[in-house]
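The block underneath contains the structure these notes are about, expressed in structure tokens.
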Amino acid sequence: MSKNSLCPTLVIVAFCFVAIATHASARSLGVVMGEVDRRVLPIREPDRPVSTELDVRNAKPPARFEVRAPEGAPNVVIILLDDLGFAGTGAFGGPTRTPTFDRLAAGGLKYNNFHTTAVCSPTRAALKSGRNHHVCNMGSIIETGTPFPGNTGQIPQNVAPVAEMLRLNGYSTAAFGKWHETAAWEASMAGPFDRWPTRQGFDKFYGFLGGETNHWAPFIYDGVHPVELPADPEYHFMTDMTNQAVSWVRYQKALTPDRPFFVYFAPGAVHAPHHVPQKWIDRWKGKFDQGWDKLREEILARQIELGIVPAGTVLAPKPEAIPDWASLTPDEKRLFTRQFETFVAFLEMADTEIGRLISAIDSTGQLDNTLIFYIAGDNGTSAEGGRNGMFSEMTYFNGVQERLEDMLKHIDHWGGPMTYPHMAAGWAVALDTPYQWTKQVASDYGGTKVGTVVHWPKGIRSRGEVRTQFHHVIDVAPTILAAAGLPEPTSVNGVEQRPMDGISMSYTFDDPTSSDRRTTQYFEMFGNRAIYHEGWLARTIHRAPWEMKPRRPLAEDLWELYDTRADFSLTNDLSAKHPQRLEELKALFMREAERNNVLPIDDRTVERTNAALVGRPDLMAGRTSLALGEGMTGMSENVFLNIKNRSKSITADVEAPTDGAHGAIIVQGGRFGGWAMYVHDGIPAYDYNFLGLERFTVQGTEPLAAGKSTIRMEFVYDGGGLGKGGTATLFVNDRQVAQGRIGRTQSAVFSADETADVGIDLGTPVVERIGAESASRFTGKIRKVEVSVH
């Protein structure tokens, strides 16, 4: 039985009063006794009264219709950090400095049993809609969508986000930072824009659409318009997005102080790449030389002392793949500590910037009536860095293992613009203390449970207390509606809505001993799956984040059973003692899976990034060529012709000025993987940048003549599998001018946020010697560029 049938929820329907012309019929207005029904959104505007008066001087105007939020409705702020686990904050026992989170925790409530879906996009869709992630078609991240309901990556119309509900009830709304909820094939200037932020309830959006960004050189949008980055060597996106949010809040309260706002503030921190100015890293030098094993023990001791975990809680064992710190070489220890110093510095910087946003709200005099959810992670800490971490995270997505000696070459500028780094998985396990597993593992609380604070001085009397009731991100949207005095709508923008799966958390605000109202919750991600019911957890570990293949077929998975009420860290498997209960819970999982579009389960990972392989919509499906023109920029990898693992040709019709041409003709990717056809000091060339680890250049010997020329590059792929090399030949006006070997190529992904651009290289440079942004702009004219594959 689902929790909806087990736990009846009190629905409070709030109404506002609207003055109307006395002769208008109540039936035509949808009004009963002067009350407006907010269950159907948008609220219908009253019919216009008909006047029979000739002269306006003798007429009295009708009352103005205006949708206003209920009297006293709070401002709402959701702060969602990325890839930070249960022990990631100071208030939850972590080894970090998170002054903003800790201050809000001291003045609000700490939830130590609050869960996510274990991965980015699904958590975000569930959080905003109040529905389970498969119901939102977000069974995994958008880049791995399939044709099956529950996994398409295309949010349906019948799960309207809470932002749209608030907007249609008189709130101002804005989103800043990471989005990661727009279907992969819809993220281009061709649209459709239905699932972009400004069509998902937000008046304002400033951020990036994908799952991560280069914080030194992000590709960001203001609404649906790409943003040109400033020529500032100190630029960092975390500061930029905070500046934008602070400015927006001040505008709202200066111009419309009585209108409540909703801010969704979702930094890319602390998802890889871990980018942070050196001054922040220096503060942490030498703080983690004890290593991750000792760190786990220290964290658990603090968690017990703080009351975050019960006395007597024991550490779950590390995964077998995580080495003991004492077994590492001095070079490994030196590299790994630098990685973690960088990560923690990134977190401290992010939390400090969040503090600026909170201070801006405080300066308006409305912090007391601002409901803040500070959710310290959209899942557990990421172990996708594998055993050793990585200089360039793109190596993970292309199945390439970096060598320790190569990473050590970058240790002094780790976290700077010349790196795209991730950390060793041992640190992720430490920040998910006291649990065993990490991000992606939806069947372990290390993957799903995150430290969460709710702060609302006007609405919550309790201060600094811990709440232990089981809750999930789907419970946030119903809590917001309850706090605002709004009913859950049955229809939004003409579409009948599926009821929310979440329940309000408000019953816990001032009653720490209240019984759990969420009694059942399923979890599933890439085959890792579990079911929580009335304190029991049945689960199976199908694959670890660093394992490219499942451990066994889905039907042969081994299930475990835990009593979470007596076993906080999930260390005592009771499956042998209670086999019947385990079977009952496995059956309950299947019922919940069927009800929520979880079936069929898809445990593929990297394969699902290939749209053709899994049958996901693809703008380039069936096409073998793409004709482009100058000025066509910002094309993400998901909307560009897939040139990987095959032969290709690039043909460009250009016109060189009399003083010589220079700059990018066409590029794809950036500093950490990509390719470029360009002209350097008049001489045409083609470069292939393999993951930032190795670069191949094929370059002519003579400058282009002034006037029109046709440059063509033919790449003949070696074949024999994925990621192989080939031969590149460069022609000018059909005359061969250069030929060379491309030793190896990227098999799966160039970049998470770098783009394909004609006439310029946005973001970071594929080719360092021509640079990026305005420095790389082609000085001649580009008539046409055609990319074809064969």
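A note on labels: chains of the structure tokens are A, B, ... as shown, every chain counts residues from 1, and ligands are counted from 1 in their shown order.
Look at Asn112 of chain A: the protein and nucleic acid residues within 9 Å of it, using only C-alpha atoms and passing over chain neighbours fewer than 5 places away, are Phe86, Phe92, Ile308, Val309, Lys449, Val450, Gly451, Thr452, Val466, Arg467, Thr468, Gln469 and Phe470 of chain A.
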* alpha helix (DSSP H) residues, from DSSP on the backbone, in segment 432-622 of chain A, as a PyMOL selection string -> chain A and resi 445-448+476-484+579-595+611-614
* To do: Please run DSSP on the backbone and report, as a list in words, all residues within segment 196-309 of chain A that come out as strand (DSSP E or B).
  =>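 These are the residues in question: Lys204, Phe205, Tyr206, Gly207, Phe208, Tyr221, Asp222, His225, Pro226, Phe261, Phe262, Val263, Tyr264, Phe265 and Ala266 of chain A.
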Resulting file, chosen residues, N, CA, C and O atoms, as a short mmCIF file (atom, residue, chain, number, x, y, z; two decimals), in the first residue's frame:
data_model
loop_
_atom_site.label_atom_id
_atom_site.label_comp_id
_atom_site.auth_asym_id
_atom_site.auth_seq_id
_atom_site.Cartn_x
_atom_site.Cartn_y
_atom_site.Cartn_z
N LYS A 204 12.71 34.79 -13.83
CA LYS A 204 14.13 35.09 -14.05
C LYS A 204 14.94 33.82 -13.96
O LYS A 204 14.72 32.99 -13.05
N PHE A 205 15.89 33.63 -14.89
CA PHE A 205 16.85 32.54 -14.78
C PHE A 205 18.22 33.07 -15.16
O PHE A 205 18.38 33.75 -16.17
N TYR A 206 19.20 32.75 -14.33
CA TYR A 206 20.59 33.09 -14.64
C TYR A 206 21.43 31.89 -14.22
O TYR A 206 21.59 31.62 -13.04
N GLY A 207 21.91 31.15 -15.23
CA GLY A 207 22.69 29.97 -14.88
C GLY A 207 23.00 29.11 -16.08
O GLY A 207 22.96 29.57 -17.23
N PHE A 208 23.30 27.84 -15.83
CA PHE A 208 23.67 26.92 -16.91
C PHE A 208 22.69 25.76 -16.96
O PHE A 208 22.13 25.35 -15.94
N TYR A 221 23.21 31.25 -19.38
CA TYR A 221 22.08 31.94 -20.00
C TYR A 221 21.48 32.92 -19.01
O TYR A 221 21.40 32.66 -17.80
N ASP A 222 21.02 34.03 -19.54
CA ASP A 222 20.11 34.92 -18.81
C ASP A 222 18.77 34.76 -19.51
O ASP A 222 18.57 35.27 -20.61
N HIS A 225 18.91 33.70 -23.33
CA HIS A 225 19.96 34.40 -24.08
C HIS A 225 21.33 34.09 -23.50
O HIS A 225 21.56 34.28 -22.30
N PRO A 226 22.27 33.61 -24.34
CA PRO A 226 23.62 33.35 -23.85
C PRO A 226 24.26 34.64 -23.32
O PRO A 226 24.02 35.73 -23.83
N PHE A 261 8.57 36.58 -2.69
CA PHE A 261 9.37 36.01 -3.78
C PHE A 261 9.71 34.56 -3.48
O PHE A 261 9.68 34.10 -2.34
N PHE A 262 10.04 33.85 -4.55
CA PHE A 262 10.56 32.48 -4.45
C PHE A 262 11.88 32.45 -5.20
O PHE A 262 11.94 32.76 -6.39
N VAL A 263 12.95 32.11 -4.49
CA VAL A 263 14.28 32.00 -5.09
C VAL A 263 14.75 30.55 -5.01
O VAL A 263 14.75 29.94 -3.93
N TYR A 264 15.13 30.00 -6.15
CA TYR A 264 15.77 28.69 -6.22
C TYR A 264 17.24 28.95 -6.52
O TYR A 264 17.59 29.42 -7.61
N PHE A 265 18.10 28.68 -5.54
CA PHE A 265 19.52 29.02 -5.64
C PHE A 265 20.32 27.73 -5.61
O PHE A 265 20.45 27.08 -4.57
N ALA A 266 20.83 27.33 -6.78
CA ALA A 266 21.44 26.00 -6.94
C ALA A 266 22.84 26.12 -7.54
O ALA A 266 23.02 26.02 -8.76
#
* Pick out the closest residue to Ile43 of chain A from this set: A:His578, A:Arg68, A:Arg712, A:His115. Count only C-alpha atoms. =>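 Checking each of A:His578, A:Arg68, A:Arg712, A:His115 against Ile43 of chain A, counting only C-alpha atoms, the winner is A:Arg68.
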* **Contact residues around segment 676-693 of chain A with only C-alpha atoms at 8 Å, ignoring same-chain residues under 6 positions, as a PyMOL selection string** => chain A and resi 392+394-395+660-668+699-704+711+713+730+742+744-746+750+766-767+769-770
Could you dump the residues just selected with N, CA, C and O atoms as a compact mmCIF listing (two decimals), in the first residue's frame?
# COMPACT_ATOMS: atom_id res chain seq x y z
N SER A 392 41.27 15.84 -15.21
CA SER A 392 40.18 16.23 -16.09
C SER A 392 39.04 15.23 -15.92
O SER A 392 39.19 14.05 -16.25
N MET A 394 36.55 14.72 -17.57
CA MET A 394 36.07 14.10 -18.81
C MET A 394 36.72 12.74 -19.07
O MET A 394 36.20 11.94 -19.85
N THR A 395 37.83 12.45 -18.40
CA THR A 395 38.43 11.13 -18.56
C THR A 395 37.49 10.04 -18.03
O THR A 395 37.42 8.94 -18.59
N GLY A 660 45.94 39.20 -43.59
CA GLY A 660 46.06 37.85 -43.08
C GLY A 660 44.95 37.46 -42.13
O GLY A 660 44.48 38.28 -41.35
N ALA A 661 44.56 36.21 -42.22
CA ALA A 661 43.48 35.70 -41.37
C ALA A 661 44.04 35.08 -40.10
O ALA A 661 45.19 34.63 -40.05
N HIS A 662 43.18 35.06 -39.06
CA HIS A 662 43.57 34.46 -37.78
C HIS A 662 42.31 34.14 -37.00
O HIS A 662 41.33 34.90 -37.03
N GLY A 663 42.33 33.02 -36.29
CA GLY A 663 41.23 32.71 -35.40
C GLY A 663 40.52 31.41 -35.73
O GLY A 663 40.88 30.68 -36.66
N ALA A 664 39.46 31.14 -34.94
CA ALA A 664 38.71 29.89 -35.05
C ALA A 664 37.75 29.93 -36.23
O ALA A 664 37.02 30.90 -36.41
N ILE A 665 37.73 28.86 -37.00
CA ILE A 665 36.73 28.69 -38.05
C ILE A 665 35.57 27.88 -37.49
O ILE A 665 34.41 28.31 -37.54
N ILE A 666 35.85 26.72 -36.94
CA ILE A 666 34.84 25.94 -36.23
C ILE A 666 35.54 25.13 -35.15
O ILE A 666 36.63 24.59 -35.37
N VAL A 667 34.92 25.06 -33.99
CA VAL A 667 35.48 24.30 -32.88
C VAL A 667 34.35 23.52 -32.22
O VAL A 667 33.18 23.86 -32.33
N GLN A 668 34.76 22.49 -31.49
CA GLN A 668 33.83 21.80 -30.60
C GLN A 668 34.61 21.38 -29.37
O GLN A 668 35.67 20.78 -29.46
N GLN A 699 48.99 20.95 -39.67
CA GLN A 699 49.06 22.36 -40.05
C GLN A 699 49.75 22.54 -41.39
O GLN A 699 50.74 21.85 -41.70
N GLY A 700 49.22 23.46 -42.19
CA GLY A 700 49.84 23.79 -43.46
C GLY A 700 51.15 24.52 -43.28
O GLY A 700 51.60 24.78 -42.15
N THR A 701 51.77 24.88 -44.40
CA THR A 701 53.06 25.58 -44.34
C THR A 701 52.99 26.98 -44.94
O THR A 701 53.91 27.78 -44.73
N GLU A 702 51.92 27.29 -45.65
CA GLU A 702 51.82 28.58 -46.31
C GLU A 702 50.58 29.32 -45.84
O GLU A 702 49.53 28.71 -45.61
N PRO A 703 50.66 30.65 -45.74
CA PRO A 703 49.48 31.43 -45.34
C PRO A 703 48.40 31.37 -46.41
O PRO A 703 48.68 31.19 -47.61
N LEU A 704 47.15 31.53 -45.97
CA LEU A 704 46.05 31.65 -46.92
C LEU A 704 46.22 32.92 -47.74
O LEU A 704 46.60 33.97 -47.20
N ILE A 711 38.74 25.56 -47.31
CA ILE A 711 39.61 24.71 -46.49
C ILE A 711 38.83 23.44 -46.17
O ILE A 711 37.67 23.50 -45.74
N MET A 713 39.16 19.47 -44.26
CA MET A 713 39.89 18.49 -43.47
C MET A 713 39.18 17.15 -43.60
O MET A 713 37.98 17.05 -43.35
N LEU A 730 44.69 17.81 -44.60
CA LEU A 730 44.20 19.18 -44.75
C LEU A 730 44.39 19.63 -46.19
O LEU A 730 45.46 19.42 -46.80
N ILE A 742 46.25 11.40 -35.91
CA ILE A 742 45.55 11.68 -34.67
C ILE A 742 45.61 10.37 -33.89
O ILE A 742 44.93 9.41 -34.24
N ARG A 744 44.70 9.16 -30.93
CA ARG A 744 43.51 8.58 -30.29
C ARG A 744 42.45 9.66 -30.16
O ARG A 744 42.75 10.85 -30.20
N THR A 745 41.22 9.22 -30.02
CA THR A 745 40.09 10.15 -29.99
C THR A 745 39.18 9.82 -28.81
O THR A 745 39.24 8.73 -28.24
N GLN A 746 38.34 10.77 -28.46
CA GLN A 746 37.41 10.56 -27.35
C GLN A 746 36.20 9.78 -27.85
O GLN A 746 35.59 10.12 -28.87
N PHE A 750 32.85 15.00 -25.24
CA PHE A 750 33.87 16.04 -25.27
C PHE A 750 33.80 16.90 -24.01
O PHE A 750 34.81 17.21 -23.39
N VAL A 766 40.08 25.24 -27.25
CA VAL A 766 40.56 23.95 -27.73
C VAL A 766 42.04 24.07 -28.06
O VAL A 766 42.84 23.19 -27.77
N VAL A 767 42.38 25.21 -28.65
CA VAL A 767 43.75 25.47 -29.08
C VAL A 767 44.28 26.66 -28.28
O VAL A 767 43.83 27.80 -28.47
N ARG A 769 46.93 28.40 -28.40
CA ARG A 769 47.66 29.48 -29.07
C ARG A 769 46.73 30.47 -29.78
O ARG A 769 47.17 31.56 -30.14
N ILE A 770 45.47 30.10 -29.99
CA ILE A 770 44.55 31.12 -30.53
C ILE A 770 43.59 31.63 -29.46
O ILE A 770 42.85 32.59 -29.68
* To do: Write out as a PyMOL selection string each polymer residue whose atoms come within 9 Å of Ser647 of chain A, counting only C-alpha atoms; drop sequence neighbours fewer than 6 positions from it.
  => chain A and resi 714-719+726+788-790
* Gly268 of chain A surroundings by only C-alpha atoms, 9 Å radius, close-in-sequence under 6 positions cut, as an MDAnalysis selection string -> chainID A and resid 81:83 177:178 208 211:213 215 237:238
Convert the current residue selection to file output with all heavy atoms, as an mmCIF file, in the first residue's frame.
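The result, stored in again.cif:
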data_model
loop_
_atom_site.group_PDB
_atom_site.id
_atom_site.type_symbol
_atom_site.label_atom_id
_atom_site.label_comp_id
_atom_site.auth_asym_id
_atom_site.auth_seq_id
_atom_site.Cartn_x
_atom_site.Cartn_y
_atom_site.Cartn_z
ATOM 1 N N LEU A 81 22.804 22.644 -2.683
ATOM 2 C CA LEU A 81 24.181 22.368 -3.070
ATOM 3 C C LEU A 81 24.231 21.097 -3.902
ATOM 4 O O LEU A 81 23.280 20.314 -3.935
ATOM 5 C CB LEU A 81 25.070 22.229 -1.834
ATOM 6 C CG LEU A 81 25.341 23.513 -1.039
ATOM 7 C CD1 LEU A 81 26.268 23.223 0.140
ATOM 8 C CD2 LEU A 81 25.933 24.605 -1.921
ATOM 9 N N ASP A 82 25.361 20.887 -4.556
ATOM 10 C CA ASP A 82 25.512 19.791 -5.513
ATOM 11 C C ASP A 82 26.579 18.813 -5.022
ATOM 12 O O ASP A 82 27.691 19.228 -4.665
ATOM 13 C CB ASP A 82 25.919 20.382 -6.872
ATOM 14 C CG ASP A 82 25.597 19.474 -8.029
ATOM 15 O OD1 ASP A 82 25.315 18.289 -7.796
ATOM 16 O OD2 ASP A 82 25.636 19.946 -9.174
ATOM 17 N N ASP A 83 26.243 17.535 -4.991
ATOM 18 C CA ASP A 83 27.215 16.468 -4.694
ATOM 19 C C ASP A 83 27.881 16.615 -3.330
ATOM 20 O O ASP A 83 29.102 16.418 -3.207
ATOM 21 C CB ASP A 83 28.294 16.413 -5.786
ATOM 22 C CG ASP A 83 27.818 15.736 -7.044
ATOM 23 O OD1 ASP A 83 26.606 15.458 -7.144
ATOM 24 O OD2 ASP A 83 28.642 15.492 -7.946
ATOM 25 N N GLY A 177 21.835 29.499 -11.084
ATOM 26 C CA GLY A 177 22.788 28.403 -11.001
ATOM 27 C C GLY A 177 22.493 27.259 -11.920
ATOM 28 O O GLY A 177 22.151 27.428 -13.095
ATOM 29 N N LYS A 178 22.566 26.049 -11.387
ATOM 30 C CA LYS A 178 22.430 24.831 -12.189
ATOM 31 C C LYS A 178 20.963 24.495 -12.411
ATOM 32 O O LYS A 178 20.151 24.565 -11.494
ATOM 33 C CB LYS A 178 23.136 23.685 -11.461
ATOM 34 C CG LYS A 178 22.943 22.304 -12.096
ATOM 35 C CD LYS A 178 23.786 21.273 -11.379
ATOM 36 C CE LYS A 178 23.457 19.855 -11.829
ATOM 37 N NZ LYS A 178 24.363 18.847 -11.227
ATOM 38 N N PHE A 208 23.300 27.841 -15.831
ATOM 39 C CA PHE A 208 23.672 26.918 -16.906
ATOM 40 C C PHE A 208 22.689 25.759 -16.959
ATOM 41 O O PHE A 208 22.125 25.352 -15.940
ATOM 42 C CB PHE A 208 25.107 26.427 -16.740
ATOM 43 C CG PHE A 208 25.426 25.743 -15.431
ATOM 44 C CD1 PHE A 208 25.408 24.355 -15.331
ATOM 45 C CD2 PHE A 208 25.764 26.474 -14.304
ATOM 46 C CE1 PHE A 208 25.704 23.714 -14.135
ATOM 47 C CE2 PHE A 208 26.075 25.846 -13.099
ATOM 48 C CZ PHE A 208 26.047 24.470 -13.012
ATOM 49 N N GLY A 211 24.657 19.623 -16.473
ATOM 50 C CA GLY A 211 24.901 19.027 -15.175
ATOM 51 C C GLY A 211 26.077 19.605 -14.429
ATOM 52 O O GLY A 211 26.222 19.387 -13.229
ATOM 53 N N GLU A 212 26.952 20.315 -15.111
ATOM 54 C CA GLU A 212 28.109 20.931 -14.481
ATOM 55 C C GLU A 212 28.620 22.036 -15.395
ATOM 56 O O GLU A 212 28.217 22.143 -16.558
ATOM 57 C CB GLU A 212 29.218 19.901 -14.247
ATOM 58 C CG GLU A 212 29.802 19.322 -15.539
ATOM 59 C CD GLU A 212 30.764 18.181 -15.291
ATOM 60 O OE1 GLU A 212 30.402 17.290 -14.488
ATOM 61 O OE2 GLU A 212 31.862 18.175 -15.878
ATOM 62 N N THR A 213 29.514 22.857 -14.856
ATOM 63 C CA THR A 213 30.085 23.918 -15.673
ATOM 64 C C THR A 213 31.501 24.210 -15.225
ATOM 65 O O THR A 213 31.894 23.913 -14.082
ATOM 66 C CB THR A 213 29.238 25.198 -15.603
ATOM 67 O OG1 THR A 213 29.611 26.076 -16.667
ATOM 68 C CG2 THR A 213 29.407 25.928 -14.272
ATOM 69 N N HIS A 215 33.665 26.727 -13.798
ATOM 70 C CA HIS A 215 33.358 27.948 -13.060
ATOM 71 C C HIS A 215 34.231 29.123 -13.459
ATOM 72 O O HIS A 215 33.879 30.275 -13.181
ATOM 73 C CB HIS A 215 33.466 27.682 -11.551
ATOM 74 C CG HIS A 215 32.254 26.999 -10.994
ATOM 75 N ND1 HIS A 215 31.981 25.668 -11.237
ATOM 76 C CD2 HIS A 215 31.235 27.462 -10.233
ATOM 77 C CE1 HIS A 215 30.850 25.350 -10.637
ATOM 78 N NE2 HIS A 215 30.380 26.402 -10.024
ATOM 79 N N PHE A 237 32.088 31.870 -11.493
ATOM 80 C CA PHE A 237 30.633 31.821 -11.620
ATOM 81 C C PHE A 237 29.927 31.845 -10.269
ATOM 82 O O PHE A 237 28.837 32.406 -10.152
ATOM 83 C CB PHE A 237 30.200 30.582 -12.407
ATOM 84 C CG PHE A 237 28.710 30.457 -12.517
ATOM 85 C CD1 PHE A 237 27.973 31.372 -13.256
ATOM 86 C CD2 PHE A 237 28.019 29.442 -11.861
ATOM 87 C CE1 PHE A 237 26.590 31.286 -13.352
ATOM 88 C CE2 PHE A 237 26.647 29.341 -11.948
ATOM 89 C CZ PHE A 237 25.926 30.267 -12.686
ATOM 90 N N MET A 238 30.512 31.237 -9.247
ATOM 91 C CA MET A 238 29.855 31.231 -7.935
ATOM 92 C C MET A 238 29.603 32.652 -7.451
ATOM 93 O O MET A 238 28.533 32.966 -6.914
ATOM 94 C CB MET A 238 30.726 30.461 -6.938
ATOM 95 C CG MET A 238 30.085 30.226 -5.590
ATOM 96 S SD MET A 238 28.692 29.091 -5.618
ATOM 97 C CE MET A 238 27.433 30.091 -4.834
#
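Using only C-alpha atoms, the nearest neighbour of Ala245 of chain A within the list A:Leu357, A:Ile411, A:Ala424, A:Ala321 is A:Leu357.
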* Asked: With only C-alpha atoms as the basis for distance, which of A:Pro230, A:Gly88, A:Gly527, A:Pro218 is at the shortest distance from Thr764 of chain A?
  -> A:Pro218
* Excluding Leu570 of chain A and residues on its chain fewer than 3 positions from it, collect all residues at most 12 Å away from it, counting only C-alpha atoms, and give them as a PyMOL selection string. => chain A and resi 313-317+433-437+443-446+535-539+560-567+573-574
Residues as selected, C-alpha atoms, written as an mmCIF file, in the first residue's frame, can you do that?
data_model
loop_
_atom_site.group_PDB
_atom_site.id
_atom_site.type_symbol
_atom_site.label_atom_id
_atom_site.label_comp_id
_atom_site.auth_asym_id
_atom_site.auth_seq_id
_atom_site.Cartn_x
_atom_site.Cartn_y
_atom_site.Cartn_z
ATOM 1 C CA THR A 313 26.256 4.396 15.927
ATOM 2 C CA VAL A 314 29.091 2.496 14.240
ATOM 3 C CA LEU A 315 30.868 3.200 10.986
ATOM 4 C CA ALA A 316 29.739 1.156 8.028
ATOM 5 C CA PRO A 317 32.710 -0.572 6.361
ATOM 6 C CA THR A 433 29.882 9.155 7.115
ATOM 7 C CA PRO A 434 28.582 7.032 8.789
ATOM 8 C CA TYR A 435 27.418 5.241 5.642
ATOM 9 C CA GLN A 436 29.210 2.951 3.221
ATOM 10 C CA TRP A 437 28.249 4.233 -0.210
ATOM 11 C CA SER A 443 20.050 1.808 -2.187
ATOM 12 C CA ASP A 444 22.279 3.242 0.529
ATOM 13 C CA TYR A 445 21.711 6.286 2.705
ATOM 14 C CA GLY A 446 25.194 7.477 1.809
ATOM 15 C CA GLY A 535 11.334 1.922 9.497
ATOM 16 C CA TRP A 536 12.559 -1.061 7.472
ATOM 17 C CA LEU A 537 14.830 -0.805 4.436
ATOM 18 C CA ALA A 538 15.229 -3.566 1.852
ATOM 19 C CA ARG A 539 17.951 -2.882 -0.669
ATOM 20 C CA GLU A 560 19.649 -7.019 2.231
ATOM 21 C CA LEU A 561 17.332 -5.970 5.063
ATOM 22 C CA TYR A 562 17.862 -3.327 7.756
ATOM 23 C CA ASP A 563 15.864 -1.984 10.683
ATOM 24 C CA THR A 564 16.761 1.704 10.381
ATOM 25 C CA ARG A 565 15.232 2.528 13.777
ATOM 26 C CA ALA A 566 17.877 0.462 15.586
ATOM 27 C CA ASP A 567 20.620 0.516 12.928
ATOM 28 C CA ASP A 573 21.808 -7.126 7.632
ATOM 29 C CA LEU A 574 18.715 -8.960 8.929
#
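Every protein or nucleic acid residue with an atom no more than 8 Å from Val606 of chain A, counting only C-alpha atoms and leaving out same-chain residues fewer than 3 positions away, appears here: Thr144, Phe397, Met548, Thr609, Asn610 and Ala748 of chain A.
With only C-alpha atoms as the atoms that count, the minimum distance from Glu143 of chain A to the choices A:Trp185, A:Phe65, A:Trp179, A:Phe391 is reached by A:Trp185.
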